[in-house]
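Enquirer: Sharing entry.txt, compact mmCIF, C-alpha atoms:
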# COMPACT_ATOMS: atom_id res chain seq x y z
CA GLN D 26 -6.39 13.14 63.35
CA PHE D 27 -5.07 16.18 61.49
CA ARG D 28 -2.75 13.93 59.51
CA SER D 29 -5.54 11.56 58.56
CA VAL D 30 -7.79 14.43 57.42
CA SER D 31 -4.98 15.93 55.38
CA ILE D 32 -4.29 12.66 53.68
CA ARG D 33 -7.94 12.30 52.78
CA LYS D 34 -7.92 15.73 51.19
CA ILE D 35 -4.93 15.00 49.04
CA ARG D 36 -5.90 14.52 45.38
CA VAL D 37 -3.82 12.33 43.18
CA ILE D 38 -3.19 14.01 39.82
CA ARG D 39 -2.87 11.45 37.10
CA GLY D 40 -1.92 11.78 33.47
CA PRO D 41 -4.11 10.61 30.59
CA SER D 42 -5.24 7.04 30.95
CA SER D 43 -3.99 4.39 28.58
CA THR D 44 -7.57 4.04 27.29
CA SER D 45 -7.87 7.71 26.36
CA GLN D 46 -4.43 7.65 24.77
CA SER D 47 -5.47 4.63 22.72
CA VAL D 48 -8.65 6.35 21.56
CA VAL D 49 -6.72 9.47 20.54
CA SER D 50 -4.16 7.33 18.72
CA ARG D 51 -6.87 5.46 16.82
CA ASP D 52 -8.68 8.67 15.91
CA GLY D 53 -5.40 10.05 14.63
CA ALA D 54 -4.83 6.91 12.56
CA ALA D 55 -8.32 7.22 11.05
CA ILE D 56 -7.77 10.87 10.16
CA ALA D 57 -4.33 10.16 8.69
CA THR D 58 -5.58 7.21 6.63
CA ASN D 59 -8.58 9.14 5.31
CA LEU D 60 -6.30 12.03 4.43
CA VAL D 61 -3.96 9.74 2.49
CA TRP D 62 -6.97 8.37 0.59
CA LEU D 63 -8.21 11.88 -0.23
CA VAL D 64 -4.78 13.05 -1.36
CA MET D 65 -4.15 9.99 -3.52
CA THR D 66 -7.63 10.22 -5.05
CA GLY D 67 -7.01 13.88 -5.78
CA PHE D 68 -3.74 12.97 -7.44
CA VAL D 69 -5.46 10.44 -9.72
CA PHE D 70 -8.06 12.94 -10.92
CA ALA D 71 -5.46 15.68 -11.27
CA TYR D 72 -3.40 13.35 -13.45
CA ILE D 73 -6.40 12.64 -15.69
CA TRP D 74 -7.20 16.36 -15.87
CA LYS D 75 -3.65 17.18 -16.95
CA TYR D 76 -2.74 14.25 -19.20
CA GLY D 77 -6.05 12.72 -20.27
CA ARG D 78 -6.96 13.41 -23.90
CA ASN D 79 -10.13 12.89 -25.87
CA PHE D 80 -8.10 11.11 -28.50
CA PRO D 81 -7.35 7.40 -29.12
CA TYR D 82 -4.10 6.18 -27.59
CA MET D 83 -2.29 3.00 -28.64
CA GLU D 84 -4.70 0.02 -28.28
CA ASP D 85 -7.64 2.44 -28.22
CA TRP D 86 -7.34 2.62 -32.01
CA GLU D 87 -8.59 -0.95 -32.30
CA LEU D 88 -11.96 0.19 -30.96
CA VAL D 89 -12.26 3.22 -33.23
CA PRO D 90 -13.96 1.55 -36.25
CA THR D 91 -16.89 0.34 -34.15
CA LEU D 92 -17.06 3.29 -31.76
CA SER D 93 -17.02 5.78 -34.64
CA GLY D 94 -19.71 3.91 -36.56
CA ALA D 95 -17.44 3.17 -39.53
CA THR D 96 -18.11 -0.49 -38.74
CA PRO D 97 -21.65 -1.32 -37.58
CA PHE D 98 -21.92 -2.54 -34.02
CA ARG D 99 -22.35 -6.31 -33.76
CA PHE D 100 -22.71 -8.34 -30.57
CA SER D 101 -19.98 -10.60 -31.92
CA TRP D 102 -17.68 -7.55 -31.64
CA LEU D 103 -17.76 -8.04 -27.89
CA LEU D 104 -16.14 -11.43 -28.40
CA ASP D 105 -13.57 -10.27 -30.93
CA GLN D 106 -9.96 -10.34 -29.85
CA THR D 107 -8.47 -6.93 -29.10
CA GLY D 108 -4.71 -7.17 -29.38
CA GLU D 109 -3.96 -10.34 -27.45
CA HIS D 110 -7.00 -9.99 -25.20
CA ARG D 111 -10.74 -10.63 -25.12
CA TYR D 112 -12.40 -8.15 -22.80
CA ILE D 113 -16.10 -8.85 -23.17
CA LEU D 114 -17.34 -6.96 -20.10
CA ALA D 115 -15.15 -3.92 -20.72
CA LYS D 116 -16.38 -3.59 -24.31
CA ALA D 117 -19.98 -3.98 -23.17
CA ILE D 118 -19.45 -0.95 -20.92
CA LEU D 119 -17.17 1.12 -23.14
CA TYR D 120 -19.48 1.11 -26.17
CA PRO D 121 -22.54 2.66 -24.43
CA LEU D 122 -20.23 4.92 -22.41
CA TRP D 123 -18.83 6.32 -25.65
CA GLN D 124 -22.31 6.71 -27.14
CA LEU D 125 -23.36 8.71 -24.08
CA THR D 126 -20.33 10.97 -23.79
CA TYR D 127 -18.32 10.89 -27.04
CA ASP D 128 -15.36 11.58 -24.80
CA GLY D 129 -12.49 9.15 -24.29
CA ARG D 130 -11.83 10.61 -20.86
CA SER D 131 -15.14 9.23 -19.59
CA SER D 132 -13.57 5.79 -19.24
CA MET D 133 -10.61 7.30 -17.39
CA VAL D 134 -12.96 8.93 -14.88
CA VAL D 135 -14.87 5.67 -14.40
CA SER D 136 -11.59 3.82 -13.78
CA ALA D 137 -10.50 6.44 -11.25
CA LEU D 138 -13.86 6.31 -9.46
CA LEU D 139 -13.72 2.51 -9.24
CA LEU D 140 -10.17 2.48 -7.89
CA SER D 141 -10.97 5.18 -5.34
CA ALA D 142 -14.19 3.43 -4.27
CA ILE D 143 -12.63 0.01 -3.73
CA THR D 144 -9.74 1.62 -1.87
CA LEU D 145 -12.14 3.31 0.54
CA ALA D 146 -14.11 0.07 0.88
CA LEU D 147 -10.93 -1.79 1.85
CA ILE D 148 -10.05 0.87 4.45
CA VAL D 149 -13.51 0.71 6.01
CA THR D 150 -13.56 -3.10 5.94
CA ALA D 151 -10.15 -3.40 7.61
CA ARG D 152 -11.24 -0.87 10.24
CA ARG D 153 -14.42 -2.81 11.04
CA LEU D 154 -12.75 -6.22 11.13
CA ARG D 155 -10.00 -4.95 13.41
CA GLY D 156 -12.34 -2.90 15.55
CA HIS D 157 -10.32 0.29 15.18
CA SER D 158 -8.26 2.29 12.72
CA SER D 159 -4.59 1.74 12.05
CA LEU D 160 -1.97 3.58 10.05
CA ALA D 161 -1.43 0.28 8.24
CA ASP D 162 -4.71 0.99 6.40
CA ALA D 163 -2.89 3.67 4.43
CA PHE D 164 -1.40 0.76 2.50
CA PHE D 165 -4.56 0.52 0.40
CA PRO D 166 -4.53 4.02 -1.14
CA LEU D 167 -0.76 3.91 -1.49
CA ALA D 168 -0.99 0.60 -3.36
CA LEU D 169 -4.05 1.23 -5.52
CA LEU D 170 -3.77 4.95 -6.28
CA HIS D 171 -0.04 5.54 -6.68
CA PRO D 172 1.61 7.09 -9.78
CA GLY D 173 2.69 3.70 -11.08
CA HIS D 174 -0.86 3.22 -12.37
CA ALA D 175 -0.52 6.22 -14.64
CA GLU D 176 -0.85 4.32 -17.91
CA THR D 177 -3.93 2.55 -16.60
CA LEU D 178 -5.58 5.94 -16.33
CA ILE D 179 -4.90 7.48 -19.75
CA PHE D 180 -6.22 4.73 -22.04
CA PHE D 181 -9.88 4.57 -22.95
CA ILE D 182 -9.63 0.79 -23.13
CA GLN D 183 -7.77 0.39 -19.82
CA LEU D 184 -11.05 -0.01 -17.98
CA CYS D 185 -10.55 -3.67 -18.89
CA PHE D 186 -7.80 -3.88 -16.26
CA VAL D 187 -9.68 -2.01 -13.55
CA LEU D 188 -12.91 -4.02 -13.78
CA PRO D 189 -11.45 -7.39 -12.64
CA VAL D 190 -9.71 -5.66 -9.74
CA ALA D 191 -12.99 -4.06 -8.68
CA LEU D 192 -14.90 -7.33 -9.01
CA PHE D 193 -12.32 -9.36 -7.11
CA THR D 194 -12.05 -6.75 -4.35
CA THR D 195 -15.81 -6.67 -3.93
CA ALA D 196 -15.90 -10.47 -3.67
CA LEU D 197 -13.01 -10.45 -1.21
CA ILE D 198 -14.74 -7.91 1.05
CA ILE D 199 -17.97 -9.91 1.09
CA ILE D 200 -16.05 -13.08 1.98
CA ALA D 201 -13.88 -11.43 4.64
CA THR D 202 -16.83 -9.81 6.41
CA GLY D 203 -18.98 -12.95 6.24
CA ARG D 204 -21.87 -10.93 4.84
CA TRP D 205 -22.60 -13.65 2.27
CA GLU D 206 -23.87 -15.80 5.17
CA ARG D 207 -26.20 -13.15 6.60
CA SER D 208 -27.45 -11.32 3.54
CA PRO D 209 -28.97 -12.86 0.40
CA ALA D 210 -28.14 -9.64 -1.46
CA ALA D 211 -24.47 -9.98 -0.50
CA ALA D 212 -24.47 -13.64 -1.52
CA TRP D 213 -25.94 -12.75 -4.91
CA THR D 214 -23.43 -9.93 -5.34
CA LEU D 215 -20.61 -12.36 -4.62
CA ALA D 216 -21.98 -14.83 -7.16
CA ILE D 217 -22.35 -12.10 -9.81
CA CYS D 218 -18.78 -10.89 -9.25
CA VAL D 219 -17.43 -14.41 -9.66
CA ALA D 220 -19.56 -15.00 -12.78
CA LEU D 221 -18.37 -11.75 -14.40
CA LEU D 222 -14.67 -12.26 -13.72
CA PRO D 223 -14.07 -14.66 -16.68
CA LEU D 224 -15.43 -11.96 -19.00
CA ASN D 225 -12.32 -9.87 -18.29
CA GLY D 226 -9.70 -11.73 -20.27
CA ALA D 227 -6.79 -13.63 -18.81
CA ILE D 228 -6.81 -11.66 -15.55
CA GLY D 229 -10.35 -12.71 -14.72
CA LEU D 230 -9.73 -16.28 -15.86
CA LEU D 231 -6.81 -16.54 -13.46
CA ILE D 232 -8.68 -15.16 -10.46
CA ALA D 233 -12.11 -16.74 -10.87
CA PRO D 234 -11.17 -20.42 -10.32
CA ALA D 235 -9.90 -19.79 -6.78
CA LEU D 236 -13.20 -18.13 -5.85
CA VAL D 237 -15.21 -20.88 -7.52
CA VAL D 238 -13.33 -23.53 -5.49
CA TRP D 239 -13.93 -21.54 -2.29
CA MET D 240 -17.65 -21.30 -3.03
Could I get this file's structure written as structure tokens?
Expert:
Amino acid sequence: QFRSVSIRKIRVIRGPSSTSQSVVSRDGAAIATNLVWLVMTGFVFAYIWKYGRNFPYMEDWELVPTLSGATPFRFSWLLDQTGEHRYILAKAILYPLWQLTYDGRSSMVVSALLLSAITLALIVTARRLRGHSSLADAFFPLALLHPGHAETLIFFIQLCFVLPVALFTTALIIIATGRWERSPAAAWTLAICVALLPLNGAIGLLIAPALVVWM
């Protein structure tokens, strides 16, 4: 009887359960991924702060006559070829942006904000689709905010390269999450993104057909 009572009083001390360890691991992955995004975003803005200039750079000079008012603004200017490109949507944004700020760095900030926003959106989307965080999500900030994009950030006109990426990423997120089936607003957003892509030169023209076929 004494032995049976003693056995009943014995408590088994166990280590952390696999479930709790998994939760801690996932929380750590979320913190690490968010930290990578914050650091990379900070790097992008620090780069613009240090190297961005309110002065035309390379292809920016082709916009100067119209932006400065030396040549009157014409809607046909949006269709004019700039270098070897025709960036209708970018010009439609850059002209009023210049009129509001008179600062070439305004476009750089907009490009940085767009890249940072779509990067965060991809992290959140991957997390929701998977059901938990993963260190693999750090791929997005490392790919979209790394120093190799430096020249994309110090041209006023380079918004033309960021816009199709932002539009395609937005469309991709809506498709991947299936929100286009549940939300009319999401479906309209998807349609608008696809419709605007061809207005971004060769990049948009290459991407848009695949989305049109899918739709």
Enquirer: Write out as an NGL selection string the residues lying within 12 Å of Glu109 in chain D, counting only C-alpha atoms and excluding same-chain residues fewer than 5 positions away.
Expert: :D and (84 or 87 or 226-227)
Enquirer: Can you tell me which residues surround Ile228 in chain D at a distance of at most 10 Å, considering all atoms listed in the file, apart from same-chain residues fewer than 5 positions away, and format the answer as a PyMOL selection string?
Expert: chain D and resi 110+112+185-186+188-190+222-223+233
Enquirer: Determine, counting only C-alpha atoms, every residue of protein, DNA or RNA that lies within 12 Å of (-16.9, -7.3, -27.3) in the file coordinates, then give the result as number ranges by chain.
Expert: D: 87-88, 91-92, 98-107, 110-121, 182, 185, 224-226
Enquirer: Using all atoms listed in the file, which of the listed residues (D:Leu192, D:Ile179, D:Ile199, D:Ala57) sits closest to Tyr82 in chain D?
Expert: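 Comparing D:Leu192, D:Ile179, D:Ile199, D:Ala57 against Tyr82 in chain D, the winner is D:Ile179.
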Enquirer: Taking (-2.9, 11.0, 5.7) in the file's coordinates as the center, which residues reach within 12 Å of it, counting all atoms listed in the file, put as an mmCIF file with C-alpha atoms, keeping the file's coordinate frame?
Expert:
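After the write, out12.cif holds the following:
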data_model
loop_
_atom_site.group_PDB
_atom_site.id
_atom_site.type_symbol
_atom_site.label_atom_id
_atom_site.label_comp_id
_atom_site.auth_asym_id
_atom_site.auth_seq_id
_atom_site.Cartn_x
_atom_site.Cartn_y
_atom_site.Cartn_z
ATOM 1 C CA ASP D 52 -8.680 8.670 15.910
ATOM 2 C CA GLY D 53 -5.400 10.050 14.630
ATOM 3 C CA ALA D 54 -4.830 6.910 12.560
ATOM 4 C CA ALA D 55 -8.320 7.220 11.050
ATOM 5 C CA ILE D 56 -7.770 10.870 10.160
ATOM 6 C CA ALA D 57 -4.330 10.160 8.690
ATOM 7 C CA THR D 58 -5.580 7.210 6.630
ATOM 8 C CA ASN D 59 -8.580 9.140 5.310
ATOM 9 C CA LEU D 60 -6.300 12.030 4.430
ATOM 10 C CA VAL D 61 -3.960 9.740 2.490
ATOM 11 C CA TRP D 62 -6.970 8.370 0.590
ATOM 12 C CA LEU D 63 -8.210 11.880 -0.230
ATOM 13 C CA VAL D 64 -4.780 13.050 -1.360
ATOM 14 C CA MET D 65 -4.150 9.990 -3.520
ATOM 15 C CA THR D 66 -7.630 10.220 -5.050
ATOM 16 C CA SER D 159 -4.590 1.740 12.050
ATOM 17 C CA LEU D 160 -1.970 3.580 10.050
ATOM 18 C CA ALA D 161 -1.430 0.280 8.240
ATOM 19 C CA ASP D 162 -4.710 0.990 6.400
ATOM 20 C CA ALA D 163 -2.890 3.670 4.430
ATOM 21 C CA PHE D 164 -1.400 0.760 2.500
ATOM 22 C CA PHE D 165 -4.560 0.520 0.400
ATOM 23 C CA PRO D 166 -4.530 4.020 -1.140
ATOM 24 C CA LEU D 167 -0.760 3.910 -1.490
#
Enquirer: Between CA of Thr144 in chain D and CA of Gly229 in chain D, what distance in Å does the model show, to one decimal?
Expert: 19.3 Å
Enquirer: Return the single residue from D:Thr150, D:Thr214, D:Gln183, D:Ser208 that is closest to Ala196 in chain D, with distances computed using only C-alpha atoms.
Expert: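 That would be D:Thr214, the residue with the smallest distance to Ala196 in chain D.
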Enquirer: What does the distance from CA of Leu230 in chain D to CA of Ala212 in chain D come to in Å, to one decimal?
Expert: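 Between CA of Leu230 in chain D and CA of Ala212 in chain D the gap is 20.7 Å.
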Enquirer: Taking 6 positions as the minimum chain separation for residues in the same chain, which residues sit within 12 Å of Leu197 in chain D when counting only C-alpha atoms? Answer as a PDB file with C-alpha atoms, in the coordinates of the input.
Expert:
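Wrote around.pdb, looks like this:
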ATOM      1  CA  ILE D 143     -12.630   0.010  -3.730  1.00  0.00           C
ATOM      2  CA  ALA D 146     -14.110   0.070   0.880  1.00  0.00           C
ATOM      3  CA  LEU D 147     -10.930  -1.790   1.850  1.00  0.00           C
ATOM      4  CA  THR D 150     -13.560  -3.100   5.940  1.00  0.00           C
ATOM      5  CA  ALA D 151     -10.150  -3.400   7.610  1.00  0.00           C
ATOM      6  CA  PRO D 189     -11.450  -7.390 -12.640  1.00  0.00           C
ATOM      7  CA  VAL D 190      -9.710  -5.660  -9.740  1.00  0.00           C
ATOM      8  CA  ALA D 191     -12.990  -4.060  -8.680  1.00  0.00           C
ATOM      9  CA  GLY D 203     -18.980 -12.950   6.240  1.00  0.00           C
ATOM     10  CA  ARG D 204     -21.870 -10.930   4.840  1.00  0.00           C
ATOM     11  CA  TRP D 205     -22.600 -13.650   2.270  1.00  0.00           C
ATOM     12  CA  ALA D 211     -24.470  -9.980  -0.500  1.00  0.00           C
ATOM     13  CA  ALA D 212     -24.470 -13.640  -1.520  1.00  0.00           C
ATOM     14  CA  THR D 214     -23.430  -9.930  -5.340  1.00  0.00           C
ATOM     15  CA  LEU D 215     -20.610 -12.360  -4.620  1.00  0.00           C
ATOM     16  CA  ALA D 216     -21.980 -14.830  -7.160  1.00  0.00           C
ATOM     17  CA  CYS D 218     -18.780 -10.890  -9.250  1.00  0.00           C
ATOM     18  CA  VAL D 219     -17.430 -14.410  -9.660  1.00  0.00           C
ATOM     19  CA  ILE D 232      -8.680 -15.160 -10.460  1.00  0.00           C
ATOM     20  CA  ALA D 233     -12.110 -16.740 -10.870  1.00  0.00           C
ATOM     21  CA  ALA D 235      -9.900 -19.790  -6.780  1.00  0.00           C
ATOM     22  CA  LEU D 236     -13.200 -18.130  -5.850  1.00  0.00           C
ATOM     23  CA  TRP D 239     -13.930 -21.540  -2.290  1.00  0.00           C
ATOM     24  CA  MET D 240     -17.650 -21.300  -3.030  1.00  0.00           C
TER      25      MET D 240
END
Enquirer: Using only C-alpha atoms, which of the listed residues (D:Phe80, D:Ala220, D:Phe68, D:Thr202) sits closest to Pro234 in chain D?
Expert: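 For Pro234 in chain D, the nearest of the given residues is D:Ala220.
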Enquirer: For the atom pair CA of Thr194 in chain D and CA of Ala142 in chain D, what is the interatomic distance in Å to one decimal place?
Expert: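 Pair CA of Thr194 in chain D / CA of Ala142 in chain D returns 10.4 Å.
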Enquirer: Given the choices D:Gly156, D:Pro172, D:Pro209, D:Gly94, which gets closest to Tyr127 in chain D if the distance is worked out from all atoms listed in the file?
Expert: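 Looking only at the distances to Tyr127 in chain D, the closest residue turns out to be D:Gly94.
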Enquirer: I want to know what sits within 9 Å of Ala137 in chain D, based on all atoms listed in the file, with residues of the same chain fewer than 4 positions away left out; could you give that as a PyMOL selection string?
Expert: chain D and resi 66+69-70+73+132-133+141-142+170+178+187
Enquirer: Have a look at D:Arg153, D:Leu231, D:Leu122, D:Leu184 and name the one nearest to Leu139 in chain D; count only C-alpha atoms.
Expert: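 Counting only C-alpha atoms, the residue closest to Leu139 in chain D is D:Leu184.
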